[in-house]
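Asker: Pasting a structure here, questions to come.
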Amino acid sequence: MSGTSRCRTISVAPDAVRLAEIRRFVEETAVEAALDEEKIFDLKVAVSEACANAVEHSGGEHAPLEICAFVYSDRIVFEVSDSGDFRVPAAQLRSGRDNRGLGLPLMAALMDEVCISKTPRGGTKVALSLLL
Amino acid sequence: MSGTSRCRTISVAPDAVRLAEIRRFVEETAVEAALDEEKIFDLKVAVSEACANAVEHSGGEHAPLEICAFVYSDRIVFEVSDSGDFRVPAAQLRSGRDNRGLGLPLMAALMDEVCISKTPRGGTKVALSLLL
Amino acid sequence: MLVSTERLDGLPLVIVSGEIDHGSSGTLQTELDPVLDEGATIILLDLSDVTYIDSGGISVLLSAVRRLRNEGWLAAVNPNANVRRLFEIVGLKADQGFRLFDDREAAAAAVQKLTEQ
Amino acid sequence: MLVSTERLDGLPLVIVSGEIDHGSSGTLQTELDPVLDEGATIILLDLSDVTYIDSGGISVLLSAVRRLRNEGWLAAVNPNANVRRLFEIVGLKADQGFRLFDDREAAAAAVQKLTEQ
Ligand SMILES: Nc1ncnc2c1ncn2[C@@H]1O[C@H](COP(=O)(O)OP(=O)(O)O)[C@@H](O)[C@H]1O
Ligand SMILES: Nc1ncnc2c1ncn2[C@@H]1O[C@H](COP(=O)(O)OP(=O)(O)O)[C@@H](O)[C@H]1O
């Protein structure tokens with residue numbers, strides 16, 4: 001990764017109704033970085049999926065989600081951090097999981113890189129990168 | 001990531017019967033890096049899952065899988081590369097997907113970091129990292 | 001997201017506008033359920049004014065497609081280029097329970113042709 | 001991976017050794033299917049000599065658990081610490097169709113107690 005990064009952060013309550021607001025943040029950042037419409041759409045989807053997972057799976061914590069945007073000269077990166085462990089979907093959930101399990105594959109299909117990592121304080125961070 | 005890396009690579013035909021051989025490679029590398037038994041087991045599972053996905057989903061290509069091991073002073077990383085696009089599971093597959101969709105979540109739950117990225121030549125690379 | 005249901009040539013026509021995401025997809029599901037329950041085999045879904053969709057919305061469409069697949073289809077009308085691209089990525093476009101049309105008339109004509117056979 | 005089936009106190013006892021992965025799990029499935037098909041409600045699965053398992057093997061166990069869940073359970077006997085940990089991570093340990101035992105006798109005793117009730 002080359003170039004200096006400009007970093008912007010928002011912090012949002014873990015509720016699916018806030019996803020639209022997060023997408024406005026993605027859109028603004030991506031428009032400023034002069035991305036084309038297709039890439040902006042893909043980033044909105046990928047960030048929404050990561051945030052929807054954090055809302056659903058981070059374990060009923062009330063801690064806010066943090067979304068950080070980094071714009072480098074060759075790529076744009078959005079990091080979504082929550083305060084819960086990454087979990088394997090429970091067996092009960094998995095039967096009748098007809099429409100589940102689309103989120104992570106969709107992120108990976110749309111982005112150039114998706115990194116899922118443990119944060120030092122026991123949370124989960126998903127970093128979504130698109131080359132410019 | 002600090003320290004010099006020692007890098008070892010193996011190249012294996014994309015066939016599930018070769019997974020045991022890949023695990024021997026993981027085990028040797030991890031034992032040399034003095035990891036404990038639990039971490040060695042977790043690495044074997046994560047690398048096997050990534051390779052099983054490459055075998056199943058990389059699209060019937062006959063190109064071999066490449067597995068590269070990097071040992072840094074603070075972490076060990078295994079990279080699994082195949083020559084197919086990352087794909088979203090097909091709708092047909094998704095109904096009756098009772099036991100599917102365990103691989104990626106298991107990797108993320110066991111590792112400190114999982115990165116899925118597109119390779120320059122249209123393939124998929126999964127990098128699995130464990131802190132030492 | 002806004003959603004309403006009308007009829008076109010006797011077929012249910014569900015019209016959606018705005019963003020279909022994990023927060024709003026439940027409302028779409030609630031609109032589609034009674035239409036499916038009353039036994040519709042073809043549903044027209046006008047997406048002209050949908051600006052965004054993700055797996056939240058796609059899950060709802062997949063459920064409908066699964067229920068319609070054996071006897072009919074879900075007809076997505078005029079999704080924008082990005083929405084269309086996403087339908088392709090998730091495999092909806094290749095599903096036999098799903099069809100894409102450029103406008104309502106084309107969808108209705110395809111149904112007409114089907115009933116004439 | 002090696003697998004064979006015996007009987008203990010009239011119960012099917014499936015004994016596995018080696019590594020259960022995406023390459024070998026089909027063999028385990030093939031061994032379990034007829035046992036499930038003949039209507040067993042409790043299956044003992046001796047994992048003492050299993051050195052490795054991943055989602056390939058876990059999928060097979062989950063299918064069995066799903067079939068047994070309403071009337072009985074799959075009894076995993078003596079898995080090693082790593083295998084046990086994986087069972088916990090994937091939620092098997094908390095499933096009502098799954099039980100863990102330290103040895104065959106403990107498993108058989110639990111069944112005995114059940115039938116005495
Ligand atoms: N932020 C997160 N925290 C904890 N677990 C997560 C998180 N994101 C994803 N997961 C786990 O990964 C699984 C797969 O996620 P995904 O592919 O988005 O499908 P779905 O959410 O429909 O199950 C989830 O079911 C969950 O167990
Ligand atoms: N190496 C790969 N190449 C292409 N697609 C992949 C690859 N790995 C994973 N995928 C996609 O991600 C989906 C989820 O993978 P995973 O969680 O391991 O579950 P499963 O393999 O059981 O479907 C797969 O169904 C596939 O569509």
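Numbering starts fresh at 1 for the residues of each chain in the structure tokens, the chains themselves are lettered A, B, ... in the order given, and ligands are numbered from 1 as they appear.
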Apply DSSP to the backbone of this structure and, from chain C, keep only the residues in helix (DSSP H, G or I); write these as a VMD selection string.

Answerer: chain C and resid 25 to 37 55 to 68 81 to 89 104 to 116

Asker: Go ahead and save the picked residues with N, CA and C atoms, as a short mmCIF file (atom, residue, chain, number, x, y, z; two decimals), in the first residue's frame.

Answerer:
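Printed below is again11.cif as written:
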```
data_model
loop_
_atom_site.label_atom_id
_atom_site.label_comp_id
_atom_site.auth_asym_id
_atom_site.auth_seq_id
_atom_site.Cartn_x
_atom_site.Cartn_y
_atom_site.Cartn_z
N SER C 25 -35.75 -5.48 4.64
CA SER C 25 -36.20 -6.62 3.85
C SER C 25 -37.43 -7.30 4.46
N GLY C 26 -37.58 -7.20 5.78
CA GLY C 26 -38.73 -7.81 6.44
C GLY C 26 -40.05 -7.25 5.90
N THR C 27 -40.04 -5.96 5.58
CA THR C 27 -41.25 -5.31 5.05
C THR C 27 -41.60 -5.89 3.68
N LEU C 28 -40.56 -6.16 2.87
CA LEU C 28 -40.81 -6.77 1.56
C LEU C 28 -41.36 -8.18 1.73
N GLN C 29 -40.76 -8.92 2.66
CA GLN C 29 -41.23 -10.28 2.94
C GLN C 29 -42.71 -10.26 3.32
N THR C 30 -43.07 -9.32 4.19
CA THR C 30 -44.45 -9.20 4.66
C THR C 30 -45.41 -8.86 3.52
N GLU C 31 -44.90 -8.16 2.51
CA GLU C 31 -45.74 -7.82 1.35
C GLU C 31 -45.89 -9.04 0.43
N LEU C 32 -44.80 -9.81 0.29
CA LEU C 32 -44.83 -10.95 -0.63
C LEU C 32 -45.58 -12.15 -0.06
N ASP C 33 -45.49 -12.35 1.24
CA ASP C 33 -46.08 -13.56 1.86
C ASP C 33 -47.55 -13.79 1.50
N PRO C 34 -48.44 -12.79 1.68
CA PRO C 34 -49.85 -13.05 1.35
C PRO C 34 -50.05 -13.34 -0.14
N VAL C 35 -49.26 -12.70 -1.00
CA VAL C 35 -49.38 -12.95 -2.44
C VAL C 35 -49.00 -14.41 -2.74
N LEU C 36 -47.94 -14.89 -2.09
CA LEU C 36 -47.54 -16.28 -2.26
C LEU C 36 -48.57 -17.21 -1.65
N ASP C 37 -49.08 -16.84 -0.49
CA ASP C 37 -50.04 -17.70 0.21
C ASP C 37 -51.34 -17.87 -0.57
N SER C 55 -27.71 -8.89 0.55
CA SER C 55 -28.19 -10.25 0.84
C SER C 55 -29.46 -10.24 1.69
N GLY C 56 -29.70 -9.12 2.41
CA GLY C 56 -30.97 -9.01 3.13
C GLY C 56 -32.14 -9.11 2.17
N GLY C 57 -32.09 -8.33 1.08
CA GLY C 57 -33.17 -8.36 0.09
C GLY C 57 -33.12 -9.60 -0.77
N ILE C 58 -31.92 -10.03 -1.12
CA ILE C 58 -31.79 -11.19 -1.99
C ILE C 58 -32.34 -12.45 -1.32
N SER C 59 -32.17 -12.56 0.00
CA SER C 59 -32.74 -13.70 0.73
C SER C 59 -34.25 -13.77 0.56
N VAL C 60 -34.90 -12.62 0.60
CA VAL C 60 -36.36 -12.57 0.44
C VAL C 60 -36.74 -13.01 -0.97
N LEU C 61 -35.99 -12.53 -1.97
CA LEU C 61 -36.27 -12.95 -3.35
C LEU C 61 -36.03 -14.45 -3.52
N LEU C 62 -34.97 -14.96 -2.91
CA LEU C 62 -34.67 -16.39 -3.03
C LEU C 62 -35.80 -17.24 -2.43
N SER C 63 -36.35 -16.81 -1.30
CA SER C 63 -37.47 -17.56 -0.70
C SER C 63 -38.64 -17.61 -1.65
N ALA C 64 -38.94 -16.45 -2.26
CA ALA C 64 -40.07 -16.38 -3.19
C ALA C 64 -39.79 -17.28 -4.41
N VAL C 65 -38.58 -17.20 -4.92
CA VAL C 65 -38.20 -18.00 -6.09
C VAL C 65 -38.33 -19.48 -5.76
N ARG C 66 -37.93 -19.86 -4.58
CA ARG C 66 -38.01 -21.27 -4.20
C ARG C 66 -39.47 -21.72 -4.15
N ARG C 67 -40.34 -20.87 -3.66
CA ARG C 67 -41.76 -21.25 -3.60
C ARG C 67 -42.41 -21.28 -4.98
N LEU C 68 -41.92 -20.43 -5.89
CA LEU C 68 -42.55 -20.34 -7.22
C LEU C 68 -41.94 -21.30 -8.23
N ALA C 81 -28.52 -1.41 -13.34
CA ALA C 81 -27.37 -2.23 -13.74
C ALA C 81 -26.66 -2.88 -12.56
N ASN C 82 -26.54 -2.15 -11.46
CA ASN C 82 -25.86 -2.71 -10.29
C ASN C 82 -26.67 -3.83 -9.65
N VAL C 83 -27.97 -3.63 -9.54
CA VAL C 83 -28.84 -4.65 -8.96
C VAL C 83 -28.80 -5.91 -9.83
N ARG C 84 -28.87 -5.70 -11.14
CA ARG C 84 -28.80 -6.78 -12.11
C ARG C 84 -27.49 -7.58 -11.96
N ARG C 85 -26.40 -6.86 -11.80
CA ARG C 85 -25.09 -7.49 -11.64
C ARG C 85 -25.07 -8.36 -10.38
N LEU C 86 -25.66 -7.86 -9.30
CA LEU C 86 -25.71 -8.63 -8.07
C LEU C 86 -26.56 -9.90 -8.24
N PHE C 87 -27.67 -9.79 -8.97
CA PHE C 87 -28.50 -10.97 -9.25
C PHE C 87 -27.69 -12.04 -9.97
N GLU C 88 -26.80 -11.59 -10.82
CA GLU C 88 -25.97 -12.54 -11.55
C GLU C 88 -24.96 -13.21 -10.61
N ILE C 89 -24.33 -12.38 -9.79
CA ILE C 89 -23.30 -12.90 -8.88
C ILE C 89 -23.86 -13.95 -7.93
N ARG C 104 -42.67 -3.58 -17.55
CA ARG C 104 -43.86 -4.33 -17.12
C ARG C 104 -44.55 -4.99 -18.29
N GLU C 105 -44.57 -4.28 -19.43
CA GLU C 105 -45.27 -4.78 -20.61
C GLU C 105 -44.61 -6.07 -21.12
N ALA C 106 -43.29 -6.05 -21.17
CA ALA C 106 -42.56 -7.25 -21.63
C ALA C 106 -42.87 -8.43 -20.71
N ALA C 107 -42.93 -8.16 -19.41
CA ALA C 107 -43.23 -9.23 -18.45
C ALA C 107 -44.65 -9.76 -18.69
N ALA C 108 -45.61 -8.82 -18.82
CA ALA C 108 -47.00 -9.24 -19.02
C ALA C 108 -47.16 -10.00 -20.34
N ALA C 109 -46.43 -9.56 -21.37
CA ALA C 109 -46.51 -10.24 -22.68
C ALA C 109 -45.99 -11.68 -22.57
N ALA C 110 -44.91 -11.86 -21.82
CA ALA C 110 -44.35 -13.21 -21.65
C ALA C 110 -45.36 -14.12 -20.95
N VAL C 111 -46.08 -13.55 -19.99
CA VAL C 111 -47.09 -14.34 -19.28
C VAL C 111 -48.24 -14.68 -20.24
N GLN C 112 -48.65 -13.67 -21.03
CA GLN C 112 -49.72 -13.83 -22.01
C GLN C 112 -49.40 -15.00 -22.94
N LYS C 113 -48.17 -14.98 -23.43
CA LYS C 113 -47.71 -16.01 -24.37
C LYS C 113 -47.80 -17.39 -23.72
N LEU C 114 -47.45 -17.44 -22.44
CA LEU C 114 -47.45 -18.68 -21.69
C LEU C 114 -48.86 -19.25 -21.57
N THR C 115 -49.84 -18.35 -21.28
CA THR C 115 -51.21 -18.83 -21.08
C THR C 115 -51.86 -19.22 -22.39
N GLU C 116 -51.36 -18.63 -23.50
CA GLU C 116 -51.91 -18.97 -24.82
C GLU C 116 -51.50 -20.36 -25.29
#
```

Asker: Running DSSP on the backbone, which parts of stretch 2-114 of chain D land in strand (DSSP E), as a PyMOL selection string?

Answerer: chain D and resi 2-8+11-20+42-53+73-77+98-101

Asker: Which residue, A:Val88, A:Ala46, A:Ile76, A:Ile40, has the smallest gap to chain B when you use only C-alpha atoms?

Answerer: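 Residue with the minimum atom-to-atom distance to chain B: A:Val88.
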
Asker: Write out as a PyMOL selection string each polymer residue (protein, DNA or RNA) that has an atom no more than 6 Å from ligand 2, with only C-alpha atoms and all ligand atoms counted.

Answerer: (chain A and resi 105) or (chain B and resi 53-54+57-58+84-89+100-105+124)

Asker: Chain A residues within 6 Å of chain C, counting only C-alpha atoms: which ones, as JSON, numbers by chain?

Answerer: {"A": [16, 17, 45, 99]}

Asker: Emit the selected residues as a tab-separated table (two decimals), in the first residue's frame, including N, CA, C and O atoms.

Answerer:
```tsv
chain	number	residue	atom	x	y	z
A	16	ALA	N	-29.92	-2.76	12.75
A	16	ALA	CA	-30.03	-2.84	11.28
A	16	ALA	C	-30.64	-1.57	10.68
A	16	ALA	O	-30.40	-1.26	9.51
A	17	VAL	N	-31.41	-0.82	11.46
A	17	VAL	CA	-31.98	0.41	10.90
A	17	VAL	C	-30.92	1.47	10.63
A	17	VAL	O	-31.15	2.42	9.90
A	45	VAL	N	-22.45	-2.53	-0.61
A	45	VAL	CA	-22.93	-3.88	-0.29
A	45	VAL	C	-21.99	-4.56	0.71
A	45	VAL	O	-22.43	-5.07	1.74
A	99	ASN	N	-31.30	-19.49	3.22
A	99	ASN	CA	-30.83	-18.23	2.65
A	99	ASN	C	-29.70	-17.63	3.46
A	99	ASN	O	-29.39	-16.46	3.32
```
